[in-house]
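Reading through the structure tokens given below for one structure.
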Amino acid sequence: MRILLVSDEPRDASMGGPKVALKLQAGLQGLGHTCEALFRPELGARPRSPRLRMAAAPWLARRAAAERSRHAGRYDVIDAASAEGWMMAPGAARVVVARSHGLEHRYYRELLADAEAGLLHKPWGRRLWYPAVRLTQVRQALRRARRVIVLSQADREWVLARGWQAAERIEVIPHGVDGARWQQAPAPNAERGAGVLFCGWWTTSKGVAYLAQAYRLLLERGVRAPLTLLGVGVGDASWPQLEARVRAAFVPAAQPLLRLLPRMHDEAAVFAEYRRHDLLICPSTSEGFGLVVVEALSQRLPVVCCQGVGAAELLRHEREALLAPARDAGALAAALEELWRHPERRRALGEAGRERVRELSWEAIAARTAACYQRALGAAAAAAGR
């Protein structure tokens with residue numbers, strides 16, 4: 001097959017969406033398919049305004065894909081992220097597949113809940129603009145696609161309940177982890193000792209307010225586990241201000257135990273942090289998948305994860321991870337305390353979690369994705385032959 005992946009995101013492998021596209025591209029190429037990818041640089045530098053860019057993304061994606069197909073020939077499949085498949089020109093590919101890295105409608109619902117809880121300011125202008133523009137675009141992209149790929153059953157049920165696609169056209173395909181990284185995991189009894197690890201931007205949707213509250217509770221219970229906050233921002237000139245703002249969310253007693261690191265572009269360095277730490281916490285209130293969860297588990301790093309994280313669907317509570325309700329600092333603190341005080345529990349969860357993600361290699365995910373494309377092409381051919 002000739003495949004084109006399209007996403008209006010930077011070509012930056014340290015970011016979730018682009019990283020997934022690049023890993024998938026490599027996996028599909030490894031299966032013998034021709035696979036190209038268009039990111040923001042190929043879609044065009046303007047408009048630069050985030051709101052205008054969001055509104056224009058479907059048109060920019062259509063223009064870039066049409067231009068590429070005129071030079072390279074028609075594609076079998078265009079796999080477009082989020083709203084980017086809405087306006088795709090019919091002549092650019094035989095079928096268009098809409099991909100969600102986490103259904104934006106569910107994410108927006110949680111942002112409103114954060115606003116109601118006083119965690120962020122969301123003026124009415126933004127509350128009206130985003131649903132009217134972006135969410136409408138995403139809905140139309142899902143409706144027009146020959147196939148829809150989502151990351152969780154919860155996303156699939158949302159799309160199905162609203163009649164945006166037929167059940168047979170919605171496929172759940174999670175993200176993966178490199179098989180080579182899985183093989184490089186430390187031994188079950190390897191020395192760690194770096195404490196608790198959090199990976200992600202410092203935003204309300206990552207559950208950072210509840211993380212800070214849970215850590216305060218942990219200290220009050222006499223547990224002084226070091227906490228590393230990795231990737232909370234970019235290590236540029238604004239880093240000192242960001243670090244001060246992040247630290248201000250934690251009580252004074254926490255300060256000596258906190259270690260803040262900017263986003264790392266070197267994947268090997270990120271995996272080295274997985275291997276050094278004793279457990280990972282993913283407290284997100286809304287997370288399409290949570291790639292960090294499966295990556296951590298691949299390194300035998302036990303995970304405390306909120307149930308709002310898409311990857312939580314793949315894990316059994318107290319078997320492969322400890323799962324906590326979203327927005328519950330007390331439950332997060334209890335889970336962290338349980339694992340910190342019982343190293344044997346950490347080892348057992350880490351081992352079971354690693355076995356659970358064995359089947360989620362990018363090679364396997366690419367094969368599942370290629371099979372989805374083939375089904376879409378077969379359905380299109382059958383419809384054309386009627």
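Residues in the structure tokens are named by chain (A, B, ... in the order shown) and by number from 1 within that chain; ligands are numbered from 1 in the order shown.
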
Any idea what's packed within 12 Å of A:Leu103, counting only C-alpha atoms, ignoring anything in its chain fewer than 6 positions away? Could you give it as a PDB file with N, CA and C atoms, in the first residue's frame?
ATOM      1  N   ALA A  81      -4.910  12.827  11.226  1.00  0.00           N
ATOM      2  CA  ALA A  81      -5.152  12.984  12.659  1.00  0.00           C
ATOM      3  C   ALA A  81      -6.169  14.075  12.925  1.00  0.00           C
ATOM      4  N   SER A  82      -7.009  13.839  13.918  1.00  0.00           N
ATOM      5  CA  SER A  82      -7.958  14.827  14.423  1.00  0.00           C
ATOM      6  C   SER A  82      -8.850  15.361  13.313  1.00  0.00           C
ATOM      7  N   ALA A  83      -8.895  16.700  13.139  1.00  0.00           N
ATOM      8  CA  ALA A  83      -9.792  17.308  12.145  1.00  0.00           C
ATOM      9  C   ALA A  83      -9.190  17.342  10.754  1.00  0.00           C
ATOM     10  N   ARG A 109     -14.570  18.261  27.659  1.00  0.00           N
ATOM     11  CA  ARG A 109     -15.470  18.088  28.798  1.00  0.00           C
ATOM     12  C   ARG A 109     -14.693  18.144  30.109  1.00  0.00           C
ATOM     13  N   GLU A 110     -13.524  17.544  30.142  1.00  0.00           N
ATOM     14  CA  GLU A 110     -12.708  17.556  31.356  1.00  0.00           C
ATOM     15  C   GLU A 110     -12.090  18.933  31.601  1.00  0.00           C
ATOM     16  N   ARG A 134     -13.503  23.887  16.363  1.00  0.00           N
ATOM     17  CA  ARG A 134     -12.664  22.695  16.380  1.00  0.00           C
ATOM     18  C   ARG A 134     -13.480  21.408  16.554  1.00  0.00           C
ATOM     19  N   LEU A 135     -14.355  21.378  17.540  1.00  0.00           N
ATOM     20  CA  LEU A 135     -15.105  20.144  17.776  1.00  0.00           C
ATOM     21  C   LEU A 135     -16.022  19.817  16.606  1.00  0.00           C
ATOM     22  N   VAL A 138     -13.736  18.160  13.984  1.00  0.00           N
ATOM     23  CA  VAL A 138     -13.389  16.784  14.346  1.00  0.00           C
ATOM     24  C   VAL A 138     -14.575  15.863  14.092  1.00  0.00           C
ATOM     25  N   ARG A 139     -15.766  16.291  14.502  1.00  0.00           N
ATOM     26  CA  ARG A 139     -16.959  15.472  14.285  1.00  0.00           C
ATOM     27  C   ARG A 139     -17.177  15.188  12.793  1.00  0.00           C
ATOM     28  N   ALA A 141     -14.903  15.200  10.428  1.00  0.00           N
ATOM     29  CA  ALA A 141     -13.848  14.306   9.952  1.00  0.00           C
ATOM     30  C   ALA A 141     -14.169  12.858  10.286  1.00  0.00           C
ATOM     31  N   LEU A 142     -14.672  12.617  11.481  1.00  0.00           N
ATOM     32  CA  LEU A 142     -15.040  11.259  11.875  1.00  0.00           C
ATOM     33  C   LEU A 142     -16.184  10.733  11.022  1.00  0.00           C
ATOM     34  N   VAL A 148     -12.446   4.830  11.205  1.00  0.00           N
ATOM     35  CA  VAL A 148     -12.032   5.671  12.324  1.00  0.00           C
ATOM     36  C   VAL A 148     -11.179   4.819  13.251  1.00  0.00           C
ATOM     37  N   ILE A 149     -10.002   5.336  13.618  1.00  0.00           N
ATOM     38  CA  ILE A 149      -9.123   4.679  14.573  1.00  0.00           C
ATOM     39  C   ILE A 149      -9.115   5.494  15.859  1.00  0.00           C
ATOM     40  N   VAL A 150      -9.496   4.862  16.953  1.00  0.00           N
ATOM     41  CA  VAL A 150      -9.455   5.497  18.273  1.00  0.00           C
ATOM     42  C   VAL A 150      -8.577   4.659  19.187  1.00  0.00           C
ATOM     43  N   LEU A 151      -8.259   5.220  20.352  1.00  0.00           N
ATOM     44  CA  LEU A 151      -7.294   4.590  21.241  1.00  0.00           C
ATOM     45  C   LEU A 151      -7.909   3.777  22.366  1.00  0.00           C
ATOM     46  N   SER A 152      -9.208   3.947  22.592  1.00  0.00           N
ATOM     47  CA  SER A 152      -9.825   3.272  23.738  1.00  0.00           C
ATOM     48  C   SER A 152     -11.267   2.919  23.425  1.00  0.00           C
ATOM     49  N   GLN A 153     -11.797   1.962  24.185  1.00  0.00           N
ATOM     50  CA  GLN A 153     -13.198   1.612  24.045  1.00  0.00           C
ATOM     51  C   GLN A 153     -14.097   2.773  24.452  1.00  0.00           C
ATOM     52  N   ALA A 154     -13.648   3.567  25.425  1.00  0.00           N
ATOM     53  CA  ALA A 154     -14.441   4.719  25.851  1.00  0.00           C
ATOM     54  C   ALA A 154     -14.628   5.699  24.698  1.00  0.00           C
ATOM     55  N   ASP A 155     -13.560   5.952  23.915  1.00  0.00           N
ATOM     56  CA  ASP A 155     -13.684   6.823  22.753  1.00  0.00           C
ATOM     57  C   ASP A 155     -14.594   6.195  21.698  1.00  0.00           C
ATOM     58  N   ARG A 156     -14.451   4.892  21.502  1.00  0.00           N
ATOM     59  CA  ARG A 156     -15.293   4.206  20.513  1.00  0.00           C
ATOM     60  C   ARG A 156     -16.766   4.323  20.889  1.00  0.00           C
ATOM     61  N   GLU A 157     -17.072   4.122  22.156  1.00  0.00           N
ATOM     62  CA  GLU A 157     -18.463   4.189  22.602  1.00  0.00           C
ATOM     63  C   GLU A 157     -19.027   5.597  22.458  1.00  0.00           C
ATOM     64  N   TRP A 158     -18.185   6.618  22.659  1.00  0.00           N
ATOM     65  CA  TRP A 158     -18.627   8.003  22.499  1.00  0.00           C
ATOM     66  C   TRP A 158     -19.037   8.260  21.048  1.00  0.00           C
ATOM     67  N   VAL A 159     -18.168   7.860  20.115  1.00  0.00           N
ATOM     68  CA  VAL A 159     -18.439   8.061  18.688  1.00  0.00           C
ATOM     69  C   VAL A 159     -19.685   7.281  18.269  1.00  0.00           C
ATOM     70  N   SER A 286      -7.727  13.732  31.980  1.00  0.00           N
ATOM     71  CA  SER A 286      -8.130  13.375  30.619  1.00  0.00           C
ATOM     72  C   SER A 286      -6.877  13.124  29.802  1.00  0.00           C
ATOM     73  N   GLU A 287      -6.716  11.929  29.321  1.00  0.00           N
ATOM     74  CA  GLU A 287      -5.526  11.550  28.563  1.00  0.00           C
ATOM     75  C   GLU A 287      -5.961  10.544  27.516  1.00  0.00           C
ATOM     76  N   GLY A 288      -5.809  10.911  26.234  1.00  0.00           N
ATOM     77  CA  GLY A 288      -6.268  10.026  25.168  1.00  0.00           C
ATOM     78  C   GLY A 288      -5.724   8.619  25.292  1.00  0.00           C
ATOM     79  N   PHE A 289      -4.450   8.511  25.560  1.00  0.00           N
ATOM     80  CA  PHE A 289      -3.865   7.182  25.759  1.00  0.00           C
ATOM     81  C   PHE A 289      -2.904   7.181  26.937  1.00  0.00           C
ATOM     82  N   VAL A 309      -7.205   7.825  32.050  1.00  0.00           N
ATOM     83  CA  VAL A 309      -6.142   7.635  31.070  1.00  0.00           C
ATOM     84  C   VAL A 309      -6.520   6.469  30.154  1.00  0.00           C
ATOM     85  N   GLY A 310      -6.415   6.677  28.831  1.00  0.00           N
ATOM     86  CA  GLY A 310      -6.830   5.638  27.888  1.00  0.00           C
ATOM     87  C   GLY A 310      -6.128   4.312  28.098  1.00  0.00           C
TER      88      GLY A 310
END

### Within 10 Å of A:Ala89 using only C-alpha atoms, minus same-chain residues under 2 positions, as a VMD selection string
chain A and resid 59 61 to 63 65 to 66 85 to 87 91 to 93 96

### Message
Residues near stretch 357-373 of chain A, anyone? I mean within 10 Å using only C-alpha atoms, not counting same-chain ones fewer than 3 positions away, as a PyMOL selection string.
### Response
chain A and resi 1+3+20+23-31+33+76-79+95-97+146-149+169-183+293-298+314-315+320+352-354+376-379

### Message
I'd like the neighbourhood of stretch 273-282 of chain A as a list in words, where a residue qualifies if any of its atoms comes within 7 Å (using only C-alpha atoms), though same-chain residues fewer than 6 positions away should be ignored.
### Response
Pro186, Arg192, Gly193, Ala194, Gly195, Val196, Leu197, Phe198, Ala296, Gln299, Leu301, Pro302, Val303, Val304, Cys305 and Cys306 of chain A

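The shell of residues at most 10 Å from A:Met15, with only C-alpha atoms counted and near chain neighbours (fewer than 4 positions) removed, consists of Glu9, Pro10, Arg11, Lys19, Val20, Gly200, Gly231, Arg263, Met264 and His265 of chain A.
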
Could the residues in this selection be saved with N, CA and C atoms as a short mmCIF file (atom, residue, chain, number, x, y, z; two decimals), in the first residue's frame?
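Okay, this is what ended up in part.cif:
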data_model
loop_
_atom_site.label_atom_id
_atom_site.label_comp_id
_atom_site.auth_asym_id
_atom_site.auth_seq_id
_atom_site.Cartn_x
_atom_site.Cartn_y
_atom_site.Cartn_z
N GLU A 9 0.98 19.01 13.33
CA GLU A 9 1.81 19.11 14.53
C GLU A 9 3.26 19.25 14.11
N PRO A 10 4.11 19.75 14.98
CA PRO A 10 5.53 19.85 14.63
C PRO A 10 6.14 18.48 14.38
N ARG A 11 7.14 18.45 13.55
CA ARG A 11 7.87 17.19 13.32
C ARG A 11 8.87 17.03 14.47
N LYS A 19 5.41 11.73 17.63
CA LYS A 19 6.17 10.52 17.93
C LYS A 19 5.42 9.29 17.46
N VAL A 20 4.11 9.25 17.72
CA VAL A 20 3.29 8.12 17.28
C VAL A 20 3.33 7.98 15.77
N GLY A 200 5.25 14.72 31.78
CA GLY A 200 4.21 15.43 31.04
C GLY A 200 4.29 16.93 31.25
N GLY A 231 9.74 16.81 31.84
CA GLY A 231 9.03 17.30 30.66
C GLY A 231 7.93 18.30 30.95
N ARG A 263 11.62 19.10 28.93
CA ARG A 263 11.34 18.03 27.97
C ARG A 263 12.62 17.56 27.30
N MET A 264 12.77 16.24 27.18
CA MET A 264 13.97 15.65 26.59
C MET A 264 13.68 15.22 25.15
N HIS A 265 14.57 15.59 24.24
CA HIS A 265 14.42 15.19 22.85
C HIS A 265 15.07 13.83 22.57
#

### Query
By how many Å are atom CA of A:Glu191 and atom CA of A:Ala268 apart?
18.5 Å

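Remark: for A:Arg341, the closest of the candidate residues A:Leu112, A:Val208, A:Ala225, A:Leu5 is A:Ala225 (distances computed over only C-alpha atoms).
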
### Task
Can you list, as a PyMOL selection string, all residues belonging to stretch 286-359 of chain A that DSSP tags as strand (DSSP E or B)?
chain A and resi 287+303-306+309+317+321-324

### Task
Please run DSSP on the backbone and report, as a ChimeraX atom specification, all residues within stretch 85-280 of chain A that come out as alpha helix (DSSP H).
/A:104-116,124-130,136-144,153-161,179-183,208-220,239-248,267-276

Got time to write the residues from that selection, C-alpha atoms, as a compact mmCIF listing (two decimals), in the first residue's frame?
# COMPACT_ATOMS: atom_id res chain seq x y z
CA GLU A 104 -11.19 16.03 21.74
CA HIS A 105 -14.84 16.17 22.80
CA ARG A 106 -14.07 14.13 25.93
CA TYR A 107 -10.93 16.16 26.58
CA TYR A 108 -12.89 19.41 26.36
CA ARG A 109 -15.47 18.09 28.80
CA GLU A 110 -12.71 17.56 31.36
CA LEU A 111 -11.29 21.03 30.71
CA LEU A 112 -14.69 22.47 31.60
CA ALA A 113 -14.66 20.38 34.77
CA ASP A 114 -11.22 21.84 35.59
CA ALA A 115 -12.65 25.32 35.06
CA GLU A 116 -15.60 24.58 37.33
CA TRP A 124 -17.05 32.37 27.58
CA GLY A 125 -15.53 33.46 24.28
CA ARG A 126 -13.24 30.45 24.28
CA ARG A 127 -16.03 28.18 25.56
CA LEU A 128 -18.10 29.11 22.51
CA TRP A 129 -15.34 29.23 19.88
CA TYR A 130 -13.70 25.84 20.48
CA THR A 136 -17.35 20.59 14.74
CA GLN A 137 -14.39 19.92 12.46
CA VAL A 138 -13.39 16.78 14.35
CA ARG A 139 -16.96 15.47 14.29
CA GLN A 140 -17.19 16.01 10.53
CA ALA A 141 -13.85 14.31 9.95
CA LEU A 142 -15.04 11.26 11.88
CA ARG A 143 -18.29 11.16 9.94
CA ARG A 144 -16.71 11.43 6.50
CA GLN A 153 -13.20 1.61 24.04
CA ALA A 154 -14.44 4.72 25.85
CA ASP A 155 -13.68 6.82 22.75
CA ARG A 156 -15.29 4.21 20.51
CA GLU A 157 -18.46 4.19 22.60
CA TRP A 158 -18.63 8.00 22.50
CA VAL A 159 -18.44 8.06 18.69
CA LEU A 160 -20.91 5.20 18.35
CA ALA A 161 -23.46 6.64 20.81
CA GLY A 179 10.32 -3.97 20.87
CA ALA A 180 14.02 -3.18 21.24
CA ARG A 181 13.27 -0.98 24.26
CA TRP A 182 11.23 -3.78 25.80
CA GLN A 183 14.26 -6.06 25.49
CA VAL A 208 -1.03 18.29 38.26
CA ALA A 209 -3.20 19.90 40.96
CA TYR A 210 -4.11 16.46 42.28
CA LEU A 211 -0.49 15.32 42.04
CA ALA A 212 0.59 18.21 44.27
CA GLN A 213 -2.20 17.44 46.75
CA ALA A 214 -1.37 13.74 46.78
CA TYR A 215 2.29 14.48 47.41
CA ARG A 216 1.39 16.71 50.36
CA LEU A 217 -0.70 13.87 51.82
CA LEU A 218 2.18 11.48 51.26
CA LEU A 219 4.55 13.70 53.23
CA GLU A 220 2.00 14.07 56.04
CA TRP A 239 12.52 27.80 32.32
CA PRO A 240 13.34 29.61 35.61
CA GLN A 241 9.88 31.21 35.69
CA LEU A 242 8.19 27.89 34.88
CA GLU A 243 10.21 26.06 37.53
CA ALA A 244 9.22 28.66 40.13
CA ARG A 245 5.54 28.33 39.17
CA VAL A 246 5.64 24.52 39.36
CA ARG A 247 7.42 24.51 42.71
CA ALA A 248 4.85 26.98 44.07
CA GLU A 267 14.32 9.08 23.78
CA ALA A 268 17.18 7.05 25.26
CA ALA A 269 17.51 9.64 28.03
CA VAL A 270 13.79 9.36 28.83
CA PHE A 271 14.02 5.58 29.03
CA ALA A 272 17.04 5.94 31.30
CA GLU A 273 14.77 7.85 33.71
CA TYR A 274 12.24 5.01 33.58
CA ARG A 275 15.01 2.62 34.61
CA ARG A 276 16.29 4.81 37.48

### Task
Rank A:Val223, A:Leu349, A:Ala64, A:Ala335 by their smallest atom-to-atom distance to A:Ala321, using only C-alpha atoms, and report the top residue only.
A:Leu349
